[in-house]
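A.B. asks: This is the structure I have questions about; it appears just below.
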Amino acid sequence: AGAMGMAQFMPSSLLRWGKDGNRDGELDLAHPVDAVHSVANYLRAHGWKPGLDHGARLKVVLTYNNSKPYAKTVLALAERLR
């Protein structure tokens, strides 16, 4: 089985960190709210918390996708959205 939904979770990750963000009783990573809540749950479980410096945020995002260009892009986009 391969990665699933917008979050691209492997089945074992979905079982461990997946969240029913819209509370409709169904975990569906093709639904944006469920996908965002699942990724947030994963990041929190891997050390994300308010107040982290850039280096610490980068390390956490790298646990989700071990690509520095990816992680730097995610953090740059997040900064622009603030």
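By convention in this document, the chains of the structure tokens carry letters A, B, ... by their order, each chain's residues are numbered from 1, and ligands are numbered from 1 in the order they are shown.
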Env of stretch 13-19 of chain A: 12 Å cut, atoms = only C-alpha atoms, seq-sep filter 4 positions within chain, self excluded. Answer as a PyMOL selection string.

C.D. replies: chain A and resi 1-9+23-46+64

A.B. asks: Just the residues within 10 Å of stretch 60-62 of chain A, please, counting only C-alpha atoms, with nothing from its chain fewer than 3 positions along; format it as a ChimeraX atom specification.

C.D. replies: /A:42-49,52,55-57,65-72,74-75

A.B. asks: Identify all residues of chain A in alpha helix (DSSP H) (DSSP on the backbone) and supply them as number ranges by chain.

C.D. replies: A: 11-17, 32-45, 54-64, 68-81

A.B. asks: Using Å and a single decimal, report how far atom CA of A:Arg82 sits from atom CA of A:Gly51.

C.D. replies: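 Separation between atom CA of A:Gly51 and atom CA of A:Arg82: 13.9 Å.
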